[in-house]
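Please read the structure below before turning to the comments.
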Amino acid sequence: MIGVLVSGEGTNLQALIDAGLPISCVASNKSGVAALDRAAAAGIESAVFDAADYPSREERDVALARWLQARGVELVVLAGYMHLLRPAFIDVYRGRIVNTHPAPLPAFPGATPVEDVIAAGATESAATVIGVDEGVDTGPVLASQPVPVLPGDTVETLRARTKAVEHQLLPRIVAELIAQRG
Ligand code: GRF
């Protein structure tokens with residue numbers, strides 16, 4: 001079973017739902033986000049793990065890992081999840097966490113990759129699926145699909161074009177990972 005971590009709009013979560021993937025639960029680090037509404041509409045259990053409710057990020061992440069384990073999660077998919085997972089979480093799910101990133105890696109890591117691609121004047125970007133380790137976008141690249149940067153592109157237009165590619169790539173790679181695991 002898959003557990004999906006979200007922070008915001010949840011369009012990548014929606015793509016995973018629409019692909020019919022076996023999602024047992026959804027967790028967000030923020031309350032009131034659209035991704036939680038998408039989970040509810042699909043009848044998927046969800047919960048909020050707000051760091052403010054815990055003494056430390058480590059303890060929040062341990063609680064999150066336990067919650068996922070209790071729901072039979074074998075593969076964790078970060079779909080727009082904007083917090084760095086602490087080692088205590090990574091240790092539980094090492095090699096079984098994937099993330100979608102809206103830019104080429106390792107060239108454009110971090111929280112503002114689309115802005116950075118535009119600022120660099122690159123003519124090509126990418127949708128990238130990576131394995132997750134303790135670093136910021138430092139895990140192995142599992143798949144990358146090019147996205148052209150067009151003349152006159154803004155952060156918004158490039159982000160929208162990249163997201164459309166993510167919505168195809170992420171469910172495909174997640175389905176492959178599940179098939180490999182049997
Ligand atoms: C995606 O582009 C993801 O790569 C980035 O944030 C966006 C999340 O979008 N980290 P959504 O919440 O899935 O709509």
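Residues are referred to by chain and number: the chain letter is A, B, ... according to the order shown in the structure tokens, the number counts from 1 in that chain, and ligands are numbered separately from 1 in the order shown.
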task = Would you list the residues that come within 10 Å of ligand 1? Count only C-alpha atoms and all ligand atoms and give the answer as number ranges by chain.
result = A: 5-16, 33-35, 78-83, 99-103, 110-114, 127-129, 159-167, 170
inquiry  = List the spatial neighbours of A:Thr138 as an NGL selection string - criterion: any atom at most 8 Å away, only C-alpha atoms, same-chain residues fewer than 6 positions off excluded.
reply    = :A and (106 or 109 or 132)
ask   = So which residues touch A:Val92 within 10 Å, counting only C-alpha atoms, skipping near sequence neighbours fewer than 4 positions away, as a PyMOL selection string?
value = chain A and resi 62+65-66+69+87-88+96-97
task = Mind checking which residues fall within 12 Å of A:Ala179, counting only C-alpha atoms, ignoring those fewer than 3 positions away in the same chain, and posting them as a count of residues only?
result = 10
Report as a PDB file with N, CA, C and O atoms, in the first residue's frame: the residues of stretch 8-78 of chain A with a DSSP assignment of strand (DSSP E or B), based on the backbone of this structure.
```
ATOM      1  N   ILE A  23      -3.768   3.552  -2.645  1.00  0.00           N
ATOM      2  CA  ILE A  23      -3.397   4.544  -1.624  1.00  0.00           C
ATOM      3  C   ILE A  23      -4.182   4.231  -0.351  1.00  0.00           C
ATOM      4  O   ILE A  23      -5.420   4.280  -0.355  1.00  0.00           O
ATOM      5  N   SER A  24      -3.456   3.915   0.729  1.00  0.00           N
ATOM      6  CA  SER A  24      -4.174   3.596   1.969  1.00  0.00           C
ATOM      7  C   SER A  24      -4.440   4.841   2.791  1.00  0.00           C
ATOM      8  O   SER A  24      -5.413   4.882   3.552  1.00  0.00           O
ATOM      9  N   CYS A  25      -3.582   5.866   2.677  1.00  0.00           N
ATOM     10  CA  CYS A  25      -3.764   7.045   3.521  1.00  0.00           C
ATOM     11  C   CYS A  25      -2.958   8.221   2.992  1.00  0.00           C
ATOM     12  O   CYS A  25      -2.019   8.052   2.202  1.00  0.00           O
ATOM     13  N   VAL A  26      -3.356   9.409   3.452  1.00  0.00           N
ATOM     14  CA  VAL A  26      -2.726  10.671   3.051  1.00  0.00           C
ATOM     15  C   VAL A  26      -2.422  11.461   4.319  1.00  0.00           C
ATOM     16  O   VAL A  26      -3.274  11.575   5.204  1.00  0.00           O
ATOM     17  N   ALA A  27      -1.199  12.001   4.409  1.00  0.00           N
ATOM     18  CA  ALA A  27      -0.847  12.837   5.556  1.00  0.00           C
ATOM     19  C   ALA A  27      -0.335  14.182   5.066  1.00  0.00           C
ATOM     20  O   ALA A  27       0.392  14.268   4.075  1.00  0.00           O
ATOM     21  N   SER A  28      -0.736  15.231   5.789  1.00  0.00           N
ATOM     22  CA  SER A  28      -0.312  16.590   5.451  1.00  0.00           C
ATOM     23  C   SER A  28       0.378  17.211   6.651  1.00  0.00           C
ATOM     24  O   SER A  28       0.029  16.919   7.801  1.00  0.00           O
ATOM     25  N   GLU A  45      -8.476   7.789   3.966  1.00  0.00           N
ATOM     26  CA  GLU A  45      -8.206   8.308   5.306  1.00  0.00           C
ATOM     27  C   GLU A  45      -7.059   9.326   5.265  1.00  0.00           C
ATOM     28  O   GLU A  45      -6.073   9.127   4.553  1.00  0.00           O
ATOM     29  N   SER A  46      -7.203  10.405   6.034  1.00  0.00           N
ATOM     30  CA  SER A  46      -6.116  11.386   6.073  1.00  0.00           C
ATOM     31  C   SER A  46      -5.934  11.911   7.486  1.00  0.00           C
ATOM     32  O   SER A  46      -6.805  11.743   8.350  1.00  0.00           O
ATOM     33  N   ALA A  47      -4.782  12.545   7.705  1.00  0.00           N
ATOM     34  CA  ALA A  47      -4.487  13.155   9.006  1.00  0.00           C
ATOM     35  C   ALA A  47      -3.506  14.296   8.806  1.00  0.00           C
ATOM     36  O   ALA A  47      -2.791  14.346   7.793  1.00  0.00           O
ATOM     37  N   VAL A  48      -3.493  15.212   9.783  1.00  0.00           N
ATOM     38  CA  VAL A  48      -2.572  16.343   9.753  1.00  0.00           C
ATOM     39  C   VAL A  48      -1.511  16.134  10.831  1.00  0.00           C
ATOM     40  O   VAL A  48      -1.842  15.829  11.987  1.00  0.00           O
ATOM     41  N   LEU A  75       5.245   1.931   0.671  1.00  0.00           N
ATOM     42  CA  LEU A  75       5.906   2.911  -0.200  1.00  0.00           C
ATOM     43  C   LEU A  75       5.336   4.293   0.123  1.00  0.00           C
ATOM     44  O   LEU A  75       4.110   4.475   0.127  1.00  0.00           O
ATOM     45  N   VAL A  76       6.228   5.237   0.416  1.00  0.00           N
ATOM     46  CA  VAL A  76       5.810   6.606   0.748  1.00  0.00           C
ATOM     47  C   VAL A  76       6.056   7.490  -0.468  1.00  0.00           C
ATOM     48  O   VAL A  76       7.171   7.537  -1.003  1.00  0.00           O
ATOM     49  N   VAL A  77       5.015   8.207  -0.912  1.00  0.00           N
ATOM     50  CA  VAL A  77       5.142   9.105  -2.057  1.00  0.00           C
ATOM     51  C   VAL A  77       4.967  10.543  -1.579  1.00  0.00           C
ATOM     52  O   VAL A  77       3.934  10.898  -1.002  1.00  0.00           O
ATOM     53  N   LEU A  78       5.988  11.355  -1.800  1.00  0.00           N
ATOM     54  CA  LEU A  78       5.910  12.776  -1.487  1.00  0.00           C
ATOM     55  C   LEU A  78       5.349  13.481  -2.711  1.00  0.00           C
ATOM     56  O   LEU A  78       5.981  13.508  -3.775  1.00  0.00           O
TER      57      LEU A  78
END
```
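Across the model, the gap from atom CA of A:Pro140 to atom CA of A:Glu124 is 20.3 Å.
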key: Spatial neighbours of A:Val149, 10 Å, only C-alpha atoms, chain gap at least 4 places, as a PyMOL selection string   = chain A and resi 117-118+121-126+153-154+157-158+161-162
task = Compare A:Leu142, A:Asn29, A:Asp37, A:Ala63 by their minimum atom-to-atom distance to A:Asp50, counting only C-alpha atoms, and give me the closest one.
result = A:Asn29
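The space between atom CA of A:Pro104 and atom CA of A:Ser144 spans 7.3 Å.
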ask   = What residues in chain A get the DSSP label alpha helix (DSSP H)? Please answer as a ChimeraX atom specification.
value = /A:11-18,34-41,57-70,87-93,113-120,155-181
